[in-house]
Amino acid sequence: IRKDLSYLEERGYVIKGYGEATLKRSTAEMPFGTRAQENGEAKAAVARAALEFIPEGGAIIVCTGSTVLELAKLLMLRQGLKVFTDSLPAASLLVNSENQSFFFGGELRRQSSSTFGGWTIEQIRQIQADVCFMGTDGFSGLGGPSSPSSSDAFVDREVLEHSDNCYVLADHTKFTRRGLYKICDWEDVSRLITNRESNPELVAQVQQHTTVTLA
């Protein structure tokens, strides 16, 4: 059964959790806790590769998302950074790090464990970060990363405008999934960081528009 579920997950039909599997629909948003449980090893590998692109003493934005949360965990080993985030789970980790951490306040959104709205946008507009790290619900058939939420996509677009470089973190399953709302074009993204299990043909398609790093 586990092999069958893994086969279906790789093709974007289901999401595996602990002792369960949930049918994946492009217009349905899975709870953050469910998404955080899937593909843990792949997400951790992507996060480790992302560390290379953090400048010493730089200002970075860590967006919402389960793969980006893995990067926030690794930032506990770094110091001297200025780290901004709209993610509640990331903020709860960063408060104990040796970095100067900032939380974009705003209306709380349960599904993504993040903030959104006018207060959030106003705070993002007050900074210009060196790098932002962004997650995605997938990008199958799209020209760039996507989100299942219009409010999250709006926040991500604003983050993109206020970052010198944007790195999208996505495991191999995101090549066969997509969210309802496209965030941006691949040409607006500095680099996609994914794991080596990603389909080479699908990776090559993205490489026509932006740089791809395999973790």
# chains A, B, ... in the order shown; residues from 1 in each chain; ligands from 1
>>> select_by_dssp(residues="chain A", states="strand (DSSP E or B)", output="number ranges by chain")
A: 14-17, 20-23, 59-62, 79-85, 87, 98-103, 107-109, 114-116, 129-134, 139, 146-147, 163-169, 178, 181-182, 191-194, 211-214
>>> residues_around(residues="A:Leu81", least_positions_apart="6", cutoff="9 Å", atoms="only C-alpha atoms", output="PDB file with C-alpha atoms, in the first residue's frame")
ATOM      1  CA  ILE A  54      22.318  33.548   2.065  1.00  0.00           C
ATOM      2  CA  PRO A  55      24.842  36.409   2.184  1.00  0.00           C
ATOM      3  CA  GLU A  56      26.809  36.896   5.399  1.00  0.00           C
ATOM      4  CA  GLY A  57      25.131  39.553   7.504  1.00  0.00           C
ATOM      5  CA  GLY A  58      22.399  39.895   4.891  1.00  0.00           C
ATOM      6  CA  ALA A  59      18.735  40.809   5.152  1.00  0.00           C
ATOM      7  CA  ILE A  60      16.461  37.946   4.080  1.00  0.00           C
ATOM      8  CA  LEU A  75      18.890  29.431  10.388  1.00  0.00           C
ATOM      9  CA  GLU A  98      21.230  34.453  17.092  1.00  0.00           C
ATOM     10  CA  ASN A  99      19.787  36.534  14.272  1.00  0.00           C
ATOM     11  CA  GLN A 100      17.835  39.779  14.424  1.00  0.00           C
ATOM     12  CA  SER A 101      14.331  38.615  13.563  1.00  0.00           C
TER      13      SER A 101
END
>>> closest_residue(among="A:His172, A:Lys82, A:Arg110, A:Arg196", to="A:Ala129", atoms="only C-alpha atoms")
A:Lys82
>>> residues_around(residues="A:Phe154", least_positions_apart="5", cutoff="10 Å", atoms="only C-alpha atoms", output="short mmCIF file (atom, residue, chain, number, x, y, z; two decimals) with N, CA and C atoms, in the first residue's frame")
data_model
loop_
_atom_site.label_atom_id
_atom_site.label_comp_id
_atom_site.auth_asym_id
_atom_site.auth_seq_id
_atom_site.Cartn_x
_atom_site.Cartn_y
_atom_site.Cartn_z
N PHE A 116 -1.59 38.15 6.64
CA PHE A 116 -1.89 38.76 5.35
C PHE A 116 -2.64 40.06 5.60
N GLY A 117 -2.90 40.78 4.54
CA GLY A 117 -3.71 41.99 4.64
C GLY A 117 -2.88 43.26 4.60
N ILE A 121 1.28 44.03 4.26
CA ILE A 121 1.82 44.65 3.06
C ILE A 121 2.57 45.94 3.39
N SER A 147 0.13 29.55 -5.67
CA SER A 147 -0.37 29.42 -4.30
C SER A 147 -1.84 29.04 -4.35
N SER A 149 -3.93 30.19 -2.30
CA SER A 149 -4.61 31.31 -1.65
C SER A 149 -4.31 32.62 -2.36
N VAL A 159 6.51 40.70 -1.52
CA VAL A 159 7.84 40.29 -1.08
C VAL A 159 8.81 40.29 -2.26
N LEU A 160 8.36 39.77 -3.37
CA LEU A 160 9.18 39.71 -4.58
C LEU A 160 9.63 41.11 -5.00
N TYR A 181 -3.70 30.14 -7.81
CA TYR A 181 -3.25 31.51 -8.10
C TYR A 181 -1.75 31.54 -8.42
N LYS A 182 -1.44 31.95 -9.62
CA LYS A 182 -0.03 32.10 -10.01
C LYS A 182 0.57 33.31 -9.30
N ILE A 183 1.77 33.14 -8.77
CA ILE A 183 2.43 34.21 -8.03
C ILE A 183 3.19 35.14 -8.98
#
>>> closest_residue(among="A:Gln128, A:Leu88, A:Gln207, A:Lys3", to="A:Arg109", atoms="only C-alpha atoms")
A:Leu88
>>> residues_around(residues="A:Cys132", least_positions_apart="3", cutoff="7 Å", atoms="only C-alpha atoms", output="number ranges by chain")
A: 60-62, 163, 165-167
>>> closest_residue(among="A:Ala90, A:Leu5, A:Ala44, A:Cys184", to="A:Ala170", atoms="only C-alpha atoms")
A:Ala44
>>> select_by_dssp(residues="chain A", states="alpha helix (DSSP H)", output="PyMOL selection string")
chain A and resi 2-10+32-37+40-50+66-74+88-94+118-124+150-161+200-207
>>> closest_atom_pairs(of="stretch 64-98 of chain A", to="stretch 134-145 of chain A", cutoff="7 Å", atoms="only C-alpha atoms", output="JSON lines")
{"residue": "A:Thr64", "atom": "CA", "partner": "A:Gly135", "partner_atom": "CA", "distance": 6.7}
{"residue": "A:Gly65", "atom": "CA", "partner": "A:Gly135", "partner_atom": "CA", "distance": 5.2}
{"residue": "A:Thr67", "atom": "CA", "partner": "A:Gly135", "partner_atom": "CA", "distance": 6.4}
{"residue": "A:Val68", "atom": "CA", "partner": "A:Gly135", "partner_atom": "CA", "distance": 6.0}
>>> write_last_selection(atoms="N, CA and C atoms", output="mmCIF file, in the first residue's frame")
data_model
loop_
_atom_site.group_PDB
_atom_site.id
_atom_site.type_symbol
_atom_site.label_atom_id
_atom_site.label_comp_id
_atom_site.auth_asym_id
_atom_site.auth_seq_id
_atom_site.Cartn_x
_atom_site.Cartn_y
_atom_site.Cartn_z
ATOM 1 N N THR A 64 6.037 32.091 3.882
ATOM 2 C CA THR A 64 5.304 30.958 4.424
ATOM 3 C C THR A 64 5.504 29.727 3.533
ATOM 4 N N GLY A 65 5.347 28.549 4.126
ATOM 5 C CA GLY A 65 5.494 27.311 3.354
ATOM 6 C C GLY A 65 6.269 26.272 4.139
ATOM 7 N N THR A 67 8.407 23.892 3.042
ATOM 8 C CA THR A 67 9.803 23.730 2.649
ATOM 9 C C THR A 67 10.639 24.896 3.165
ATOM 10 N N VAL A 68 10.084 26.098 3.110
ATOM 11 C CA VAL A 68 10.783 27.267 3.627
ATOM 12 C C VAL A 68 10.937 27.157 5.145
#
>>> closest_residue(among="A:Val155, A:Ile193, A:Ala72, A:Val83", to="A:Trp119", atoms="only C-alpha atoms")
A:Val155
>>> closest_residue(among="A:Glu187, A:Asp130, A:Asp4, A:Glu52", to="A:Arg78", atoms="only C-alpha atoms")
A:Glu52
>>> atom_distance(atom1="atom CA of A:Ala49", atom2="atom CA of A:Ala215")
5.7 Å
